[in-house]
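**Student:** Input structure: run_39.cif, which contains mmCIF, N, CA and C atoms.
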```cif
data_work
loop_
_atom_site.label_atom_id
_atom_site.label_comp_id
_atom_site.auth_asym_id
_atom_site.auth_seq_id
_atom_site.Cartn_x
_atom_site.Cartn_y
_atom_site.Cartn_z
N MET A 1331 -0.86 -13.20 -14.71
CA MET A 1331 0.49 -13.21 -14.20
C MET A 1331 1.29 -14.23 -14.99
N THR A 1332 2.50 -13.91 -15.33
CA THR A 1332 3.35 -14.79 -16.11
C THR A 1332 4.55 -15.21 -15.27
N LEU A 1333 4.85 -16.47 -15.29
CA LEU A 1333 6.05 -16.94 -14.62
C LEU A 1333 7.27 -16.46 -15.35
N SER A 1334 8.28 -16.06 -14.62
CA SER A 1334 9.51 -15.64 -15.28
C SER A 1334 10.71 -16.12 -14.47
N GLU A 1335 11.83 -16.17 -15.12
CA GLU A 1335 13.06 -16.58 -14.48
C GLU A 1335 14.11 -15.57 -14.90
N GLY A 1336 14.49 -14.69 -13.96
CA GLY A 1336 15.38 -13.61 -14.32
C GLY A 1336 14.69 -12.72 -15.32
N SER A 1337 15.33 -12.42 -16.41
CA SER A 1337 14.71 -11.59 -17.43
C SER A 1337 14.17 -12.43 -18.60
N VAL A 1338 14.28 -13.77 -18.48
CA VAL A 1338 13.83 -14.66 -19.54
C VAL A 1338 12.47 -15.25 -19.15
N ARG A 1339 11.49 -15.09 -20.01
CA ARG A 1339 10.17 -15.66 -19.74
C ARG A 1339 10.24 -17.18 -19.82
N VAL A 1340 9.49 -17.83 -18.94
CA VAL A 1340 9.43 -19.28 -18.97
C VAL A 1340 8.87 -19.75 -20.30
N GLY A 1341 7.93 -19.01 -20.87
CA GLY A 1341 7.33 -19.38 -22.15
C GLY A 1341 8.37 -19.59 -23.23
N ALA A 1342 9.46 -18.84 -23.18
CA ALA A 1342 10.51 -18.98 -24.17
C ALA A 1342 11.29 -20.27 -23.99
N ARG A 1343 11.17 -20.88 -22.82
CA ARG A 1343 11.91 -22.10 -22.52
C ARG A 1343 11.04 -23.33 -22.55
N ARG A 1344 9.81 -23.22 -23.02
CA ARG A 1344 8.87 -24.34 -22.96
C ARG A 1344 9.36 -25.57 -23.70
N GLY A 1345 10.17 -25.39 -24.73
CA GLY A 1345 10.68 -26.54 -25.45
C GLY A 1345 11.49 -27.45 -24.56
N ALA A 1346 12.11 -26.90 -23.53
CA ALA A 1346 12.94 -27.67 -22.63
C ALA A 1346 12.13 -28.34 -21.52
N LEU A 1347 10.88 -27.97 -21.36
CA LEU A 1347 10.07 -28.54 -20.30
C LEU A 1347 9.38 -29.81 -20.78
N ASP A 1348 9.22 -30.76 -19.85
CA ASP A 1348 8.46 -31.94 -20.24
C ASP A 1348 6.97 -31.58 -20.28
N SER A 1349 6.15 -32.46 -20.78
CA SER A 1349 4.75 -32.13 -21.00
C SER A 1349 4.02 -31.84 -19.69
N TYR A 1350 4.39 -32.51 -18.60
CA TYR A 1350 3.75 -32.23 -17.31
C TYR A 1350 4.06 -30.81 -16.85
N GLN A 1351 5.31 -30.45 -16.90
CA GLN A 1351 5.70 -29.10 -16.49
C GLN A 1351 5.06 -28.06 -17.38
N GLN A 1352 5.00 -28.32 -18.66
CA GLN A 1352 4.38 -27.37 -19.58
C GLN A 1352 2.89 -27.22 -19.26
N SER A 1353 2.22 -28.31 -18.98
CA SER A 1353 0.80 -28.26 -18.63
C SER A 1353 0.61 -27.46 -17.35
N PHE A 1354 1.51 -27.66 -16.39
CA PHE A 1354 1.40 -26.92 -15.14
C PHE A 1354 1.60 -25.42 -15.36
N VAL A 1355 2.61 -25.06 -16.12
CA VAL A 1355 2.87 -23.64 -16.40
C VAL A 1355 1.66 -23.01 -17.09
N GLU A 1356 1.09 -23.71 -18.05
CA GLU A 1356 -0.09 -23.19 -18.74
C GLU A 1356 -1.26 -23.03 -17.79
N ALA A 1357 -1.46 -24.01 -16.91
CA ALA A 1357 -2.55 -23.93 -15.94
C ALA A 1357 -2.31 -22.78 -14.96
N TYR A 1358 -1.07 -22.61 -14.53
CA TYR A 1358 -0.73 -21.52 -13.62
C TYR A 1358 -1.06 -20.17 -14.27
N GLU A 1359 -0.60 -20.01 -15.49
CA GLU A 1359 -0.84 -18.74 -16.19
C GLU A 1359 -2.33 -18.50 -16.44
N ARG A 1360 -3.06 -19.56 -16.70
CA ARG A 1360 -4.49 -19.44 -17.01
C ARG A 1360 -5.33 -19.20 -15.75
N TYR A 1361 -5.00 -19.86 -14.64
CA TYR A 1361 -5.88 -19.87 -13.49
C TYR A 1361 -5.41 -19.05 -12.29
N TYR A 1362 -4.20 -18.52 -12.32
CA TYR A 1362 -3.70 -17.78 -11.15
C TYR A 1362 -4.66 -16.67 -10.75
N THR A 1363 -5.07 -15.84 -11.69
CA THR A 1363 -5.93 -14.70 -11.38
C THR A 1363 -7.26 -15.15 -10.78
N LYS A 1364 -7.84 -16.20 -11.34
CA LYS A 1364 -9.12 -16.70 -10.84
C LYS A 1364 -8.98 -17.27 -9.43
N VAL A 1365 -7.92 -18.04 -9.20
CA VAL A 1365 -7.71 -18.63 -7.88
C VAL A 1365 -7.43 -17.53 -6.87
N PHE A 1366 -6.60 -16.56 -7.25
CA PHE A 1366 -6.32 -15.45 -6.34
C PHE A 1366 -7.58 -14.67 -6.02
N ALA A 1367 -8.39 -14.36 -7.02
CA ALA A 1367 -9.62 -13.58 -6.79
C ALA A 1367 -10.56 -14.32 -5.85
N TYR A 1368 -10.70 -15.62 -6.05
CA TYR A 1368 -11.57 -16.40 -5.17
C TYR A 1368 -11.02 -16.39 -3.74
N THR A 1369 -9.73 -16.66 -3.62
CA THR A 1369 -9.12 -16.70 -2.29
C THR A 1369 -9.24 -15.35 -1.59
N TYR A 1370 -8.98 -14.27 -2.33
CA TYR A 1370 -9.09 -12.94 -1.74
C TYR A 1370 -10.52 -12.65 -1.31
N SER A 1371 -11.48 -13.09 -2.09
CA SER A 1371 -12.88 -12.84 -1.73
C SER A 1371 -13.26 -13.56 -0.44
N ARG A 1372 -12.56 -14.64 -0.13
CA ARG A 1372 -12.86 -15.40 1.09
C ARG A 1372 -12.13 -14.85 2.30
N VAL A 1373 -10.88 -14.38 2.14
CA VAL A 1373 -10.09 -13.97 3.31
C VAL A 1373 -9.98 -12.46 3.47
N GLY A 1374 -10.14 -11.69 2.39
CA GLY A 1374 -10.12 -10.24 2.48
C GLY A 1374 -8.76 -9.63 2.80
N ASN A 1375 -7.69 -10.37 2.60
CA ASN A 1375 -6.34 -9.87 2.89
C ASN A 1375 -5.45 -10.26 1.72
N VAL A 1376 -4.82 -9.26 1.09
CA VAL A 1376 -4.03 -9.51 -0.12
C VAL A 1376 -2.87 -10.46 0.14
N GLU A 1377 -2.09 -10.21 1.17
CA GLU A 1377 -0.92 -11.04 1.43
C GLU A 1377 -1.31 -12.47 1.77
N LEU A 1378 -2.34 -12.64 2.58
CA LEU A 1378 -2.81 -13.99 2.92
C LEU A 1378 -3.35 -14.69 1.67
N ALA A 1379 -4.05 -13.96 0.82
CA ALA A 1379 -4.57 -14.53 -0.42
C ALA A 1379 -3.43 -14.98 -1.33
N LYS A 1380 -2.36 -14.20 -1.40
CA LYS A 1380 -1.19 -14.59 -2.20
C LYS A 1380 -0.58 -15.88 -1.66
N ASP A 1381 -0.43 -15.96 -0.34
CA ASP A 1381 0.15 -17.15 0.28
C ASP A 1381 -0.72 -18.38 0.03
N LEU A 1382 -2.02 -18.23 0.20
CA LEU A 1382 -2.93 -19.35 0.00
C LEU A 1382 -2.96 -19.78 -1.47
N THR A 1383 -2.92 -18.81 -2.36
CA THR A 1383 -2.89 -19.13 -3.79
C THR A 1383 -1.63 -19.90 -4.14
N ALA A 1384 -0.52 -19.48 -3.57
CA ALA A 1384 0.74 -20.20 -3.80
C ALA A 1384 0.62 -21.64 -3.30
N GLU A 1385 0.01 -21.84 -2.13
CA GLU A 1385 -0.17 -23.18 -1.60
C GLU A 1385 -1.03 -24.04 -2.52
N VAL A 1386 -2.06 -23.44 -3.10
CA VAL A 1386 -2.92 -24.17 -4.03
C VAL A 1386 -2.09 -24.71 -5.19
N PHE A 1387 -1.23 -23.86 -5.75
CA PHE A 1387 -0.44 -24.29 -6.90
C PHE A 1387 0.68 -25.25 -6.52
N VAL A 1388 1.22 -25.13 -5.32
CA VAL A 1388 2.21 -26.10 -4.85
C VAL A 1388 1.57 -27.48 -4.76
N LYS A 1389 0.38 -27.53 -4.17
CA LYS A 1389 -0.32 -28.82 -4.05
C LYS A 1389 -0.73 -29.35 -5.41
N ALA A 1390 -1.17 -28.47 -6.29
CA ALA A 1390 -1.56 -28.90 -7.63
C ALA A 1390 -0.35 -29.49 -8.36
N TYR A 1391 0.81 -28.88 -8.20
CA TYR A 1391 2.01 -29.40 -8.86
C TYR A 1391 2.41 -30.75 -8.27
N ALA A 1392 2.36 -30.85 -6.96
CA ALA A 1392 2.78 -32.08 -6.29
C ALA A 1392 1.85 -33.25 -6.63
N LYS A 1393 0.57 -32.99 -6.75
CA LYS A 1393 -0.38 -34.07 -7.00
C LYS A 1393 -0.76 -34.19 -8.47
N GLY A 1394 -0.30 -33.28 -9.28
CA GLY A 1394 -0.69 -33.26 -10.68
C GLY A 1394 -0.22 -34.45 -11.49
N HIS A 1395 0.81 -35.13 -11.03
CA HIS A 1395 1.30 -36.30 -11.77
C HIS A 1395 0.24 -37.40 -11.83
N SER A 1396 -0.70 -37.37 -10.90
CA SER A 1396 -1.72 -38.41 -10.88
C SER A 1396 -2.89 -38.11 -11.81
N LEU A 1397 -2.90 -36.92 -12.42
CA LEU A 1397 -3.98 -36.57 -13.35
C LEU A 1397 -3.81 -37.32 -14.66
N ARG A 1398 -4.92 -37.76 -15.21
CA ARG A 1398 -4.86 -38.47 -16.48
C ARG A 1398 -4.65 -37.52 -17.65
N GLU A 1399 -5.17 -36.31 -17.53
CA GLU A 1399 -4.98 -35.32 -18.60
C GLU A 1399 -4.88 -33.93 -18.01
N SER A 1400 -4.17 -33.06 -18.70
CA SER A 1400 -3.92 -31.71 -18.18
C SER A 1400 -5.19 -30.89 -18.04
N ALA A 1401 -6.24 -31.23 -18.77
CA ALA A 1401 -7.50 -30.49 -18.67
C ALA A 1401 -8.11 -30.61 -17.28
N ALA A 1402 -7.69 -31.59 -16.52
CA ALA A 1402 -8.22 -31.79 -15.16
C ALA A 1402 -7.76 -30.68 -14.21
N TYR A 1403 -6.77 -29.90 -14.58
CA TYR A 1403 -6.32 -28.80 -13.74
C TYR A 1403 -7.44 -27.79 -13.51
N ALA A 1404 -8.35 -27.67 -14.42
CA ALA A 1404 -9.43 -26.69 -14.28
C ALA A 1404 -10.26 -26.93 -13.03
N THR A 1405 -10.38 -28.17 -12.63
CA THR A 1405 -11.16 -28.47 -11.44
C THR A 1405 -10.31 -28.31 -10.21
#
```
Starting from the coordinates I provided, produce the structure as structure tokens.

**Tutor:**
Amino acid sequence: MTLSEGSVRVGARRGALDSYQQSFVEAYERYYTKVFAYTYSRVGNVELAKDLTAEVFVKAYAKGHSLRESAAYAT
């Protein structure tokens, strides 16, 4: 899944993002499918899995400033 804003892809605007935001966008694009699949396998409901996956990324974004390096998003 790719983040988008209107008809313009966020990837096209990465130059304007700071390194933290860019790391988050990359982690979101890389891990969304895996996090969603795991969540869905646990709850068995697509809509609930989407909501829970969104919560995971909201928390990751909010607490991500405390990470020493962007590679820590994998965990």

**Student:** Please report the interatomic distance between atom N of Ser1396 (chain A) and atom C of Val1376 (chain A) in Å with one decimal.

**Tutor:**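 So the answer is 29.2 Å.
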
**Student:** Please report the interatomic distance between CA of Lys1393 (chain A) and CA of Ala1357 (chain A) in Å with one decimal.

**Tutor:**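 Atom-to-atom, CA of Lys1393 (chain A) and CA of Ala1357 (chain A) are spaced 13.7 Å apart.
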
**Student:** Counting all atoms listed in the file, what is within 8 Å of Tyr1350 (chain A), bar same-chain residues fewer than 4 positions away, as a ChimeraX atom specification?

**Tutor:** /A:1354-1356,1394-1395,1400

**Student:** Report the distance between atom N of Ala1384 (chain A) and CA of Asp1348 (chain A) in Å, rounded to one decimal place.

**Tutor:**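 CA of Asp1348 (chain A) lies 22.7 Å from atom N of Ala1384 (chain A).
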